[in-house]
file input_11.cif (mmCIF, C-alpha atoms and all ligand atoms)
data_target
loop_
_atom_site.label_atom_id
_atom_site.label_comp_id
_atom_site.auth_asym_id
_atom_site.auth_seq_id
_atom_site.Cartn_x
_atom_site.Cartn_y
_atom_site.Cartn_z
CA MET A 659 0.00 0.00 0.00
CA PRO A 660 1.50 3.41 -0.92
CA ALA A 661 2.38 5.62 2.09
CA MET A 662 -0.02 8.44 2.94
CA PRO A 663 1.05 11.76 1.41
CA ILE A 664 3.00 14.00 3.75
CA LYS A 665 1.27 17.11 5.09
CA ARG A 666 3.18 17.84 8.29
CA ILE A 667 6.73 17.02 9.37
CA ALA A 668 8.75 17.62 12.53
CA ILE A 669 12.43 18.25 13.10
CA SER A 670 14.38 17.51 16.27
CA THR A 671 17.97 18.27 17.26
CA GLY A 672 19.55 15.92 19.79
CA GLY A 673 22.84 15.44 21.64
CA GLY A 674 25.52 18.11 22.04
CA ASP A 675 24.95 21.15 19.85
CA ALA A 676 27.19 21.81 16.85
CA PRO A 677 27.61 24.84 14.57
CA GLY A 678 25.36 24.30 11.53
CA LEU A 679 22.23 23.02 13.32
CA ASN A 680 20.31 26.18 12.51
CA ALA A 681 21.36 25.95 8.87
CA VAL A 682 19.88 22.42 8.70
CA ILE A 683 16.66 23.68 10.31
CA ARG A 684 16.37 26.51 7.79
CA ALA A 685 16.98 24.21 4.82
CA VAL A 686 14.45 21.66 6.10
CA VAL A 687 11.78 24.30 6.73
CA LEU A 688 12.16 26.10 3.39
CA SER A 689 12.31 22.82 1.44
CA ALA A 690 9.23 21.51 3.29
CA LEU A 691 7.22 24.73 2.84
CA SER A 692 7.97 24.77 -0.87
CA ARG A 693 6.32 21.33 -1.09
CA GLY A 694 3.27 22.60 0.77
CA TRP A 695 4.14 20.76 4.00
CA GLU A 696 3.88 22.24 7.49
CA CYS A 697 6.95 22.01 9.67
CA TYR A 698 7.23 21.84 13.47
CA GLY A 699 10.29 21.90 15.72
CA ILE A 700 10.28 19.58 18.73
CA ARG A 701 11.85 21.31 21.70
CA ASP A 702 15.01 19.90 23.31
CA GLY A 703 15.40 16.59 21.53
CA TYR A 704 12.16 14.70 22.22
CA ASN A 705 11.34 16.53 25.46
CA GLY A 706 8.81 18.68 23.61
CA LEU A 707 6.75 15.54 22.92
CA LEU A 708 7.52 13.54 26.08
CA LEU A 709 7.26 16.44 28.57
CA PRO A 710 4.88 18.88 26.83
CA GLU A 711 3.59 20.25 30.15
CA GLN A 712 7.02 21.81 30.77
CA TYR A 713 6.66 24.18 27.83
CA VAL A 714 4.41 27.22 27.56
CA ASP A 715 4.05 26.53 23.83
CA GLY A 716 3.27 22.84 24.40
CA GLY A 717 6.71 21.65 23.25
CA LEU A 718 6.15 22.02 19.51
CA ILE A 719 7.09 25.18 17.64
CA ARG A 720 5.50 25.99 14.31
CA LEU A 721 8.44 26.75 12.01
CA THR A 722 7.50 29.36 9.48
CA ARG A 723 9.58 31.12 6.84
CA GLU A 724 9.81 34.13 9.18
CA ARG A 725 10.90 31.95 12.14
CA VAL A 726 13.94 30.62 10.25
CA ARG A 727 14.97 33.89 8.61
CA GLY A 728 18.57 34.94 9.27
CA ILE A 729 19.63 31.87 11.26
CA THR A 730 22.06 30.12 8.89
CA HIS A 731 25.09 31.77 10.47
CA LEU A 732 24.01 31.31 14.10
CA GLY A 733 25.58 28.70 16.37
CA GLY A 734 23.37 26.55 18.64
CA THR A 735 19.85 25.47 17.72
CA ILE A 736 16.69 27.57 17.86
CA ILE A 737 14.63 24.53 18.95
CA GLY A 738 17.01 23.44 21.74
CA THR A 739 18.75 20.13 22.30
CA THR A 740 19.64 17.76 25.11
CA ASN A 741 21.93 14.83 25.69
CA ARG A 742 19.72 13.45 28.48
CA ASN A 743 16.32 11.74 28.54
CA SER A 744 16.89 9.30 25.68
CA PRO A 745 13.49 7.71 24.91
CA LEU A 746 15.35 4.39 24.72
CA GLU A 747 16.49 4.68 28.34
CA TYR A 748 14.27 7.32 29.85
CA PRO A 749 14.96 8.04 33.54
CA ILE A 750 11.90 7.76 35.80
CA THR A 751 12.34 8.69 39.47
CA ASP A 752 9.96 7.02 41.95
CA LYS A 753 8.72 8.62 45.19
CA ASP A 754 11.69 7.20 47.12
CA GLY A 755 14.14 8.84 44.72
CA ASN A 756 15.12 5.58 42.96
CA VAL A 757 15.74 5.98 39.24
CA GLN A 758 14.63 3.40 36.69
CA TYR A 759 15.32 3.52 32.96
CA VAL A 760 12.41 2.69 30.66
CA ASP A 761 11.89 2.45 26.91
CA ARG A 762 9.36 5.16 25.89
CA THR A 763 9.71 4.81 22.12
CA ASP A 764 6.22 3.25 21.62
CA GLU A 765 4.68 6.16 23.50
CA LEU A 766 6.76 8.60 21.45
CA VAL A 767 5.52 7.11 18.16
CA ARG A 768 1.94 7.47 19.45
CA ARG A 769 2.58 11.14 20.27
CA PHE A 770 3.73 11.80 16.72
CA MET A 771 0.43 10.29 15.53
CA LEU A 772 -1.55 12.34 18.05
CA HIS A 773 -0.09 15.52 16.57
CA HIS A 774 -0.67 14.27 12.99
CA ILE A 775 3.05 14.42 12.26
CA ASP A 776 3.67 12.26 9.20
CA ALA A 777 7.47 12.19 9.29
CA LEU A 778 10.49 13.18 11.35
CA ILE A 779 13.86 14.62 10.39
CA THR A 780 16.22 14.12 13.29
CA VAL A 781 19.61 15.78 13.47
CA GLY A 782 22.12 14.20 15.81
CA GLY A 783 25.11 12.04 16.58
CA ASP A 784 25.37 8.33 17.36
CA GLY A 785 22.83 8.41 20.20
CA SER A 786 20.19 10.32 18.22
CA LEU A 787 20.66 8.14 15.15
CA ALA A 788 20.25 4.97 17.25
CA ILE A 789 16.93 6.37 18.53
CA ALA A 790 15.96 7.28 14.95
CA ASN A 791 16.65 3.72 13.84
CA VAL A 792 14.29 2.31 16.49
CA LEU A 793 11.56 4.84 15.63
CA ALA A 794 11.87 3.91 11.95
CA GLN A 795 11.57 0.20 12.82
CA LYS A 796 8.38 1.05 14.74
CA GLY A 797 6.81 2.53 11.61
CA LEU A 798 7.57 6.25 11.85
CA ARG A 799 8.91 7.82 8.66
CA VAL A 800 12.35 9.04 9.75
CA ILE A 801 15.37 10.60 8.05
CA GLY A 802 18.58 11.13 10.04
CA VAL A 803 21.06 13.97 9.53
CA PRO A 804 24.60 13.38 10.87
CA LYS A 805 25.86 16.04 13.26
CA THR A 806 28.77 16.23 15.64
CA ILE A 807 31.89 18.30 16.13
CA ASP A 808 33.61 14.96 16.91
CA ASN A 809 33.32 13.71 13.27
CA ASP A 810 33.07 10.17 14.60
CA LEU A 811 30.05 8.91 12.64
CA ASP A 812 30.38 6.06 10.21
CA ARG A 813 29.31 6.09 6.53
CA THR A 814 29.66 9.84 5.98
CA VAL A 815 32.91 11.47 4.92
CA VAL A 816 32.31 14.27 7.38
CA THR A 817 29.74 15.56 9.85
CA PHE A 818 28.86 19.25 10.02
CA GLY A 819 30.23 21.13 13.02
CA PHE A 820 33.63 19.48 12.70
CA ASP A 821 35.14 22.08 10.37
CA THR A 822 34.13 24.95 12.67
CA ALA A 823 35.59 23.18 15.71
CA VAL A 824 38.86 22.51 13.86
CA ALA A 825 39.06 26.10 12.58
CA PHE A 826 38.63 27.49 16.09
CA ALA A 827 41.12 25.06 17.67
CA THR A 828 43.64 25.94 14.94
CA GLU A 829 43.27 29.65 15.65
CA CYS A 830 43.84 28.94 19.36
CA LEU A 831 47.02 27.02 18.52
CA ASP A 832 48.27 29.97 16.43
CA ARG A 833 47.72 32.27 19.41
CA LEU A 834 49.35 29.89 21.87
CA HIS A 835 52.51 29.58 19.74
CA THR A 836 53.57 33.16 20.39
CA THR A 837 53.04 33.08 24.14
CA ALA A 838 54.66 29.61 24.43
CA ALA A 839 57.69 30.79 22.44
CA SER A 840 57.99 34.04 24.40
CA HIS A 841 58.06 32.21 27.74
CA GLY A 842 59.84 29.04 26.63
CA ARG A 843 56.97 26.93 27.95
CA VAL A 844 55.24 23.68 27.19
CA MET A 845 51.57 24.30 26.32
CA VAL A 846 49.10 21.43 26.56
CA VAL A 847 45.84 22.05 24.71
CA GLU A 848 42.98 19.65 25.47
CA VAL A 849 40.25 19.35 22.85
CA MET A 850 36.93 17.48 22.76
CA GLY A 851 36.22 14.55 20.45
CA ARG A 852 35.08 11.80 22.80
CA TYR A 853 36.69 8.46 21.81
CA ALA A 854 38.03 9.73 18.46
CA GLY A 855 40.99 11.96 17.72
CA TRP A 856 39.68 13.79 14.62
CA ILE A 857 39.63 17.30 16.11
CA ALA A 858 43.05 16.90 17.76
CA LEU A 859 44.60 15.47 14.61
CA HIS A 860 43.23 17.98 12.12
CA ALA A 861 43.74 21.05 14.33
CA GLY A 862 47.13 19.78 15.45
CA VAL A 863 48.41 19.41 11.90
CA ALA A 864 46.83 22.65 10.65
CA GLY A 865 48.02 24.56 13.73
CA SER A 866 51.62 23.19 13.65
CA ALA A 867 51.52 21.33 16.94
CA ASP A 868 54.70 19.46 17.91
CA VAL A 869 52.89 16.60 19.64
CA ILE A 870 49.39 15.20 19.00
CA LEU A 871 47.94 12.62 21.38
CA ILE A 872 44.80 10.81 20.21
CA PRO A 873 42.75 7.86 21.54
CA GLU A 874 43.68 5.73 18.52
CA ILE A 875 47.40 5.80 19.44
CA PRO A 876 48.07 5.16 23.16
CA TYR A 877 51.10 7.23 24.17
CA ASP A 878 54.29 6.82 26.18
CA LEU A 879 54.99 10.12 27.98
CA HIS A 880 58.73 9.48 27.78
CA LYS A 881 58.47 9.76 23.99
CA VAL A 882 56.91 13.20 24.50
CA VAL A 883 59.73 14.18 26.86
CA ALA A 884 62.24 13.06 24.19
CA LYS A 885 60.46 15.28 21.65
CA ILE A 886 60.67 18.29 24.01
CA ARG A 887 64.43 17.65 24.52
CA GLU A 888 65.01 17.19 20.77
CA ARG A 889 63.36 20.56 20.11
CA GLU A 890 65.47 22.22 22.78
CA GLU A 891 68.61 20.84 21.16
CA ARG A 892 67.49 22.41 17.89
CA GLY A 893 66.97 25.77 19.59
CA ALA A 894 63.18 25.62 20.03
CA ASN A 895 62.61 26.22 23.71
CA PHE A 896 58.86 25.67 23.61
CA THR A 897 56.53 22.81 22.68
CA ILE A 898 52.85 22.76 21.72
CA ILE A 899 50.96 19.58 22.58
CA VAL A 900 47.38 18.89 21.46
CA VAL A 901 45.64 16.15 23.39
CA ALA A 902 42.23 14.68 22.65
CA GLU A 903 40.04 14.27 25.73
CA GLY A 904 39.83 10.52 25.03
CA ALA A 905 43.60 9.96 24.78
CA ARG A 906 45.28 7.57 27.21
CA SER A 907 48.75 6.27 27.86
CA ILE A 908 49.84 2.76 26.89
CA GLY A 909 48.14 0.51 29.44
CA GLY A 910 46.49 3.59 31.05
CA GLU A 911 42.85 4.49 31.67
CA LEU A 912 40.57 7.09 30.12
CA VAL A 913 40.27 10.21 32.28
CA VAL A 914 36.56 10.45 33.11
CA LYS A 915 35.05 13.52 34.74
CA GLU A 916 31.56 12.21 35.44
CA LYS A 917 29.74 8.91 35.13
CA THR A 918 25.94 8.93 35.42
CA PRO A 919 23.83 5.84 34.65
CA GLY A 920 21.79 6.22 31.48
CA ARG A 921 24.08 8.95 30.10
CA ALA A 922 27.30 8.98 28.11
CA GLU A 923 30.30 9.37 30.40
CA ARG A 924 31.86 12.85 30.46
CA LEU A 925 35.52 12.87 29.54
CA GLY A 926 38.02 15.55 30.50
CA GLY A 927 41.09 16.15 32.60
CA ILE A 928 43.77 14.36 30.60
CA GLY A 929 45.40 17.72 29.68
CA GLU A 930 45.93 18.65 33.34
CA LYS A 931 47.37 15.22 34.11
CA ILE A 932 49.81 15.36 31.19
CA ALA A 933 50.87 18.93 32.04
CA THR A 934 51.59 18.00 35.69
CA ASP A 935 53.54 14.88 34.71
CA LEU A 936 55.54 16.69 32.00
CA GLN A 937 56.51 19.54 34.30
CA ALA A 938 57.78 16.98 36.83
CA LEU A 939 59.68 15.01 34.18
CA THR A 940 61.23 17.95 32.29
CA GLY A 941 61.42 20.75 34.88
CA LYS A 942 59.95 23.04 32.21
CA GLU A 943 57.11 25.41 33.01
CA THR A 944 53.96 23.85 31.60
CA ARG A 945 50.50 25.32 31.14
CA VAL A 946 47.24 23.70 30.15
CA VAL A 947 44.37 25.18 28.11
CA VAL A 948 41.08 23.26 27.85
CA LEU A 949 39.08 24.40 24.83
CA GLY A 950 36.01 22.40 25.89
CA HIS A 951 32.64 23.84 24.89
CA LEU A 952 34.22 26.78 23.07
CA LEU A 953 34.63 24.26 20.23
CA ARG A 954 30.85 23.87 20.02
CA GLY A 955 30.03 27.57 19.83
CA GLY A 956 30.31 30.35 17.30
CA SER A 957 29.26 30.84 13.74
CA PRO A 958 29.60 27.82 11.43
CA THR A 959 32.31 28.05 8.76
CA ALA A 960 31.20 28.35 5.12
CA GLN A 961 31.93 24.63 4.69
CA ASP A 962 29.77 23.64 7.66
CA ARG A 963 26.93 25.93 6.53
CA LEU A 964 27.01 24.44 3.07
CA ILE A 965 27.06 20.82 4.27
CA ALA A 966 24.29 21.57 6.78
CA LEU A 967 22.10 23.24 4.13
CA ARG A 968 22.74 20.38 1.67
CA PHE A 969 21.91 17.78 4.35
CA GLY A 970 18.69 19.57 5.33
CA ALA A 971 17.45 19.90 1.75
CA ALA A 972 18.47 16.31 0.93
CA ALA A 973 16.57 15.01 3.99
CA VAL A 974 13.35 16.64 2.73
CA ARG A 975 13.98 15.33 -0.81
CA ALA A 976 14.43 11.84 0.68
CA LEU A 977 11.01 12.09 2.37
CA ALA A 978 9.43 13.39 -0.83
CA GLU A 979 10.89 10.35 -2.66
CA GLY A 980 9.24 8.04 -0.13
CA GLN A 981 12.43 7.12 1.73
CA SER A 982 12.57 6.30 5.45
CA GLY A 983 15.02 4.71 7.88
CA ILE A 984 17.99 6.33 6.18
CA MET A 985 20.62 8.94 7.01
CA VAL A 986 21.83 11.54 4.54
CA ALA A 987 25.59 11.32 4.16
CA LEU A 988 28.35 13.19 2.40
CA ASP A 989 29.93 11.08 -0.31
CA PRO A 990 31.69 13.74 -2.44
CA PRO A 991 30.64 15.17 -4.74
CA ASN A 992 27.17 13.97 -3.72
CA VAL A 993 24.91 13.63 -0.73
CA ASN A 994 23.82 9.98 -0.51
CA TYR A 995 21.43 7.96 1.61
CA VAL A 996 22.65 5.16 3.89
CA PRO A 997 20.47 2.85 6.03
CA LEU A 998 20.22 4.03 9.65
CA ALA A 999 20.74 0.43 10.72
CA GLU A 1000 24.25 0.61 9.26
CA VAL A 1001 25.14 3.73 11.24
CA ALA A 1002 23.37 3.25 14.58
CA GLY A 1003 25.68 2.27 17.39
CA ARG A 1004 28.82 2.47 15.24
CA MET A 1005 31.68 4.85 15.70
CA ARG A 1006 34.39 5.91 13.24
CA ALA A 1007 37.85 6.28 14.70
CA VAL A 1008 40.80 7.85 12.89
CA PRO A 1009 42.33 5.12 10.67
CA LEU A 1010 45.95 4.66 11.64
CA ASP A 1011 47.04 4.47 8.01
CA CYS A 1012 45.26 7.65 6.89
CA ASP A 1013 47.31 10.18 4.99
CA THR A 1014 46.77 12.91 7.62
CA ILE A 1015 48.64 10.78 10.16
CA MET A 1016 51.32 10.01 7.58
CA THR A 1017 51.60 13.73 6.78
CA ALA A 1018 51.95 14.56 10.46
CA ARG A 1019 54.71 11.99 10.88
CA ASP A 1020 56.48 13.32 7.77
CA LEU A 1021 56.34 16.79 9.32
CA GLY A 1022 58.03 15.43 12.44
CA ILE A 1023 54.96 15.59 14.67
CA CYS A 1024 55.20 13.15 17.59
CA PHE A 1025 52.23 10.90 18.53
CA GLY A 1026 53.89 9.63 21.69
CA ASP A 1027 54.44 6.18 20.15
O1 LIG B 1101 29.81 14.87 21.28
C1 LIG B 1101 30.09 16.22 21.39
C2 LIG B 1101 30.80 16.53 22.68
O2 LIG B 1101 31.10 17.91 22.67
C3 LIG B 1101 32.05 15.69 22.96
O3 LIG B 1101 33.16 16.11 22.22
C4 LIG B 1101 32.18 15.86 24.44
O4 LIG B 1101 32.85 14.75 25.02
C5 LIG B 1101 30.75 15.91 24.91
O5 LIG B 1101 29.96 16.29 23.80
C6 LIG B 1101 30.51 16.88 26.04
O6 LIG B 1101 29.19 16.80 26.45
P1 LIG B 1101 28.49 17.82 27.47
O7 LIG B 1101 27.85 18.88 26.63
O8 LIG B 1101 27.48 16.98 28.18
O9 LIG B 1101 29.55 18.38 28.37
#

call {"tool": "encode", "arguments": {"input": "input_11.cif", "output": "structure tokens", "more": "lines below"}}
Ligand code: F6P
result
Amino acid sequence: MPAMPIKRIAISTGGGDAPGLNAVIRAVVLSALSRGWECYGIRDGYNGLLLPEQYVDGGLIRLTRERVRGITHLGGTIIGTTNRNSPLEYPITDKDGNVQYVDRTDELVRRFMLHHIDALITVGGDGSLAIANVLAQKGLRVIGVPKTIDNDLDRTVVTFGFDTAVAFATECLDRLHTTAASHGRVMVVEVMGRYAGWIALHAGVAGSADVILIPEIPYDLHKVVAKIREREERGANFTIIVVAEGARSIGGELVVKEKTPGRAERLGGIGEKIATDLQALTGKETRVVVLGHLLRGGSPTAQDRLIALRFGAAAVRALAEGQSGIMVALDPPNVNYVPLAEVAGRMRAVPLDCDTIMTARDLGICFGD
């Protein structure tokens, strides 16, 4: 039986925000309106549907042409996002304060029907795409759009948000070079990226770091000390080290800031640890800079805007073609569709034989191995 024609769609943004989310929203809304469809934004991931009583507007925002005017260049997301309250493992607190995690996806699908929403475009990272996959299996028409500054999603050449994060981190490295050189210091710069080293690697190479430490290559701190000494012998009295938050030493543990059941663990703190250990081992003054959430803010680069706009428009085209259960993906020069089932729950690490790592090694950059 052919699917019912689409009259009304919704868009949700989930997980950590990334520059380019608003550009996707604008492209989705304009592409939907031009097909005569109505478009609604669900507030804060799925909270707008699961916790409507918390919102004065009922949790759904009507997205008109006027509402999305002038937002392409804005960071963040006008409909809000969250990396809590996954409908797959939704936390329910009983009267004694005990928390239980329940699957609310059936209820969520019913709420889409209640609001006469015929299809969903969901913009997110691995967690959001895993939810999207389950919703699609339960009969909702769903298209996923890959987002994350971490660039760690499988089956797309790149996610939007990554280029902006790398551009900002690179600018920070440029600025840190002059102060590090003036004081003859070691500068340790910690960047986000979760369990993948994409941001550290790309910013580190573009920003002329001397050492790059990534989760994919466990490090030996003595190799880093040797690099600092080698530079000193060549007359460079300073060293710039970029470390991904998920990096760890050979045989060492991840540095975790916070672990809460039902949520992804929060990484962070490896930069401080490395700086303390290096100062003790080398006797050189060492400082640490944690770029953290600064990497998620600001205006998207032209590349991120363009990818985001292309993804948003392609997601609406996919719905118009009758597709569901797929993610739009960059496969240059095109935007393709890949099954959500092939992306959900998978992560893409930096391949050890990629040419960016080879380039870095040719440039003399140390990975601590
Ligand atoms: O996935 C994006 C990301 O920024 C990661 O790089 C980082 O580990 C995490 O989100 C931080 O999450 P939160 O916003 O909860 O601090």

call {"tool": "axis_aligned_box", "arguments": {"input": "input_11.cif", "around": "ligand LIG 1101 (chain B)", "padding_each_side": "6 Å", "output": "JSON"}}
result
{"center_x": 30.3, "center_y": 16.8, "center_z": 24.8, "size_x": 17.7, "size_y": 16.1, "size_z": 19.1}

call {"tool": "residues_near_ligand", "arguments": {"input": "input_11.cif", "ligand": "ligand LIG 1101 (chain B)", "cutoff": "10 Å", "atoms": "all atoms listed in the file", "output": "PDB file with C-alpha atoms, in the coordinates of the input"}}
result
ATOM      1  CA  GLY A 673      22.840  15.440  21.640  1.00  0.00           C
ATOM      2  CA  GLY A 674      25.520  18.110  22.040  1.00  0.00           C
ATOM      3  CA  ASP A 675      24.950  21.150  19.850  1.00  0.00           C
ATOM      4  CA  ALA A 676      27.190  21.810  16.850  1.00  0.00           C
ATOM      5  CA  THR A 740      19.640  17.760  25.110  1.00  0.00           C
ATOM      6  CA  ASN A 741      21.930  14.830  25.690  1.00  0.00           C
ATOM      7  CA  ARG A 742      19.720  13.450  28.480  1.00  0.00           C
ATOM      8  CA  GLY A 782      22.120  14.200  15.810  1.00  0.00           C
ATOM      9  CA  GLY A 783      25.110  12.040  16.580  1.00  0.00           C
ATOM     10  CA  ASP A 784      25.370   8.330  17.360  1.00  0.00           C
ATOM     11  CA  GLY A 785      22.830   8.410  20.200  1.00  0.00           C
ATOM     12  CA  LYS A 805      25.860  16.040  13.260  1.00  0.00           C
ATOM     13  CA  THR A 806      28.770  16.230  15.640  1.00  0.00           C
ATOM     14  CA  ILE A 807      31.890  18.300  16.130  1.00  0.00           C
ATOM     15  CA  ASP A 808      33.610  14.960  16.910  1.00  0.00           C
ATOM     16  CA  ASN A 809      33.320  13.710  13.270  1.00  0.00           C
ATOM     17  CA  ASP A 810      33.070  10.170  14.600  1.00  0.00           C
ATOM     18  CA  GLY A 819      30.230  21.130  13.020  1.00  0.00           C
ATOM     19  CA  PHE A 820      33.630  19.480  12.700  1.00  0.00           C
ATOM     20  CA  ALA A 823      35.590  23.180  15.710  1.00  0.00           C
ATOM     21  CA  VAL A 849      40.250  19.350  22.850  1.00  0.00           C
ATOM     22  CA  MET A 850      36.930  17.480  22.760  1.00  0.00           C
ATOM     23  CA  GLY A 851      36.220  14.550  20.450  1.00  0.00           C
ATOM     24  CA  ARG A 852      35.080  11.800  22.800  1.00  0.00           C
ATOM     25  CA  TYR A 853      36.690   8.460  21.810  1.00  0.00           C
ATOM     26  CA  ALA A 854      38.030   9.730  18.460  1.00  0.00           C
ATOM     27  CA  GLY A 855      40.990  11.960  17.720  1.00  0.00           C
ATOM     28  CA  ILE A 857      39.630  17.300  16.110  1.00  0.00           C
ATOM     29  CA  ALA A 902      42.230  14.680  22.650  1.00  0.00           C
ATOM     30  CA  GLU A 903      40.040  14.270  25.730  1.00  0.00           C
ATOM     31  CA  GLY A 904      39.830  10.520  25.030  1.00  0.00           C
ATOM     32  CA  VAL A 914      36.560  10.450  33.110  1.00  0.00           C
ATOM     33  CA  LYS A 915      35.050  13.520  34.740  1.00  0.00           C
ATOM     34  CA  GLU A 916      31.560  12.210  35.440  1.00  0.00           C
ATOM     35  CA  ARG A 921      24.080   8.950  30.100  1.00  0.00           C
ATOM     36  CA  ALA A 922      27.300   8.980  28.110  1.00  0.00           C
ATOM     37  CA  GLU A 923      30.300   9.370  30.400  1.00  0.00           C
ATOM     38  CA  ARG A 924      31.860  12.850  30.460  1.00  0.00           C
ATOM     39  CA  LEU A 925      35.520  12.870  29.540  1.00  0.00           C
ATOM     40  CA  GLY A 926      38.020  15.550  30.500  1.00  0.00           C
ATOM     41  CA  GLY A 950      36.010  22.400  25.890  1.00  0.00           C
ATOM     42  CA  HIS A 951      32.640  23.840  24.890  1.00  0.00           C
ATOM     43  CA  LEU A 952      34.220  26.780  23.070  1.00  0.00           C
ATOM     44  CA  LEU A 953      34.630  24.260  20.230  1.00  0.00           C
ATOM     45  CA  ARG A 954      30.850  23.870  20.020  1.00  0.00           C
TER      46      ARG A 954
END

call {"tool": "closest_residue", "arguments": {"input": "input_11.cif", "among": "A:Asp821, A:Val883, A:Pro873, A:Lys665", "to": "Ala938 (chain A)", "atoms": "only C-alpha atoms"}}
result
A:Val883

call {"tool": "closest_residue", "arguments": {"input": "input_11.cif", "among": "A:Ile886, A:Ile669, A:Val824, A:Leu707", "to": "Gly970 (chain A)", "atoms": "all atoms listed in the file"}}
result
A:Ile669

call {"tool": "closest_residue", "arguments": {"input": "input_11.cif", "among": "A:Val847, A:Leu798, A:Leu964, A:Leu721", "to": "Ile775 (chain A)", "atoms": "all atoms listed in the file"}}
result
A:Leu798

call {"tool": "residues_near_point", "arguments": {"input": "input_11.cif", "point": "(29.2, 7.4, 10.9)", "cutoff": "10 Å", "atoms": "only C-alpha atoms", "output": "list in words"}}
result
Gly783, Asp784, Leu787, Pro804, Lys805, Asn809, Asp810, Leu811, Asp812, Arg813, Thr814, Val815, Val816, Thr817, Met985, Ala987, Val996, Leu998, Glu1000, Val1001, Ala1002, Gly1003, Arg1004, Met1005, Arg1006 and Ala1007 of chain A

call {"tool": "atom_distance", "arguments": {"input": "input_11.cif", "atom1": "CA of Ala668 (chain A)", "atom2": "CA of Ile965 (chain A)"}}
result
20.3 Å

call {"tool": "residues_around", "arguments": {"input": "input_11.cif", "residues": "Arg725 (chain A)", "least_positions_apart": "6", "cutoff": "10 Å", "atoms": "only C-alpha atoms", "output": "list in words"}}
result
Arg684, Val687, Ile719 and Ile736 of chain A

call {"tool": "atom_distance", "arguments": {"input": "input_11.cif", "atom1": "CA of Leu772 (chain A)", "atom2": "CA of Arg720 (chain A)"}}
result
15.8 Å

call {"tool": "atom_distance", "arguments": {"input": "input_11.cif", "atom1": "CA of Glu979 (chain A)", "atom2": "CA of Pro663 (chain A)"}}
result
10.7 Å

call {"tool": "closest_atom_pairs", "arguments": {"input": "input_11.cif", "of": "region 908-1026 of chain A", "to": "region 889-899 of chain A", "cutoff": "12 Å", "atoms": "only C-alpha atoms", "output": "Markdown table"}}
result
| residue | atom | partner | partner_atom | distance |
| --- | --- | --- | --- | --- |
| A:Ile928 | CA | A:Ile899 | CA | 12.0 |
| A:Gly929 | CA | A:Ile899 | CA | 9.2 |
| A:Glu930 | CA | A:Ile899 | CA | 11.9 |
| A:Ile932 | CA | A:Ile899 | CA | 9.7 |
| A:Ala933 | CA | A:Ile899 | CA | 9.5 |
| A:Leu936 | CA | A:Ile899 | CA | 10.9 |
| A:Thr940 | CA | A:Glu890 | CA | 11.3 |
| A:Lys942 | CA | A:Phe896 | CA | 9.1 |
| A:Glu943 | CA | A:Phe896 | CA | 9.6 |
| A:Thr944 | CA | A:Thr897 | CA | 9.3 |
| A:Arg945 | CA | A:Ile898 | CA | 10.0 |
| A:Val946 | CA | A:Ile899 | CA | 9.4 |
| A:Val947 | CA | A:Ile899 | CA | 10.3 |
| A:Val948 | CA | A:Ile899 | CA | 11.8 |
| A:Gly1022 | CA | A:Arg889 | CA | 10.7 |
| A:Ile1023 | CA | A:Ile899 | CA | 9.7 |
| A:Cys1024 | CA | A:Ile899 | CA | 9.2 |
| A:Phe1025 | CA | A:Ile899 | CA | 9.7 |
| A:Gly1026 | CA | A:Ile899 | CA | 10.4 |

call {"tool": "closest_residue", "arguments": {"input": "input_11.cif", "among": "A:Ile667, A:Leu967, A:Met1016, A:Leu949", "to": "His774 (chain A)", "atoms": "only C-alpha atoms"}}
result
A:Ile667

call {"tool": "closest_atom_pairs", "arguments": {"input": "input_11.cif", "of": "region 775-885 of chain A", "to": "region 755-767 of chain A", "cutoff": "9 Å", "atoms": "only C-alpha atoms", "output": "tab-separated table"}}
result
residue	atom	partner	partner_atom	distance
A:Ile789	CA	A:Thr763	CA	8.2
A:Val792	CA	A:Thr763	CA	7.7
A:Leu793	CA	A:Thr763	CA	6.7
A:Lys796	CA	A:Val767	CA	7.5
A:Gly797	CA	A:Val767	CA	8.1
A:Leu798	CA	A:Val767	CA	6.7

call {"tool": "residues_around", "arguments": {"input": "input_11.cif", "residues": "Thr1014 (chain A)", "least_positions_apart": "6", "cutoff": "12 Å", "atoms": "all atoms listed in the file", "output": "JSON, numbers by chain"}}
result
{"A": [855, 856, 857, 858, 859, 860, 861, 862, 863, 864, 870, 1008, 1020, 1021, 1023]}

call {"tool": "closest_residue", "arguments": {"input": "input_11.cif", "among": "A:Phe826, A:Gly738, A:Ile1015, A:Pro876", "to": "Gly909 (chain A)", "atoms": "only C-alpha atoms"}}
result
A:Pro876

call {"tool": "closest_residue", "arguments": {"input": "input_11.cif", "among": "A:Ala685, A:Ala960, A:Ile737, A:Met662", "to": "Asp702 (chain A)", "atoms": "all atoms listed in the file"}}
result
A:Ile737

call {"tool": "closest_atom_pairs", "arguments": {"input": "input_11.cif", "of": "region 765-839 of chain A", "to": "region 694-699 of chain A", "cutoff": "10 Å", "atoms": "all atoms listed in the file", "output": "CSV"}}
result
residue,atom,partner,partner_atom,distance
A:Ile775,CA,A:Tyr698,CA,8.6
A:Asp776,CA,A:Trp695,CA,10.0
A:Ala777,CA,A:Cys697,CA,9.8
A:Leu778,CA,A:Tyr698,CA,9.5
A:Ile779,CA,A:Gly699,CA,9.7
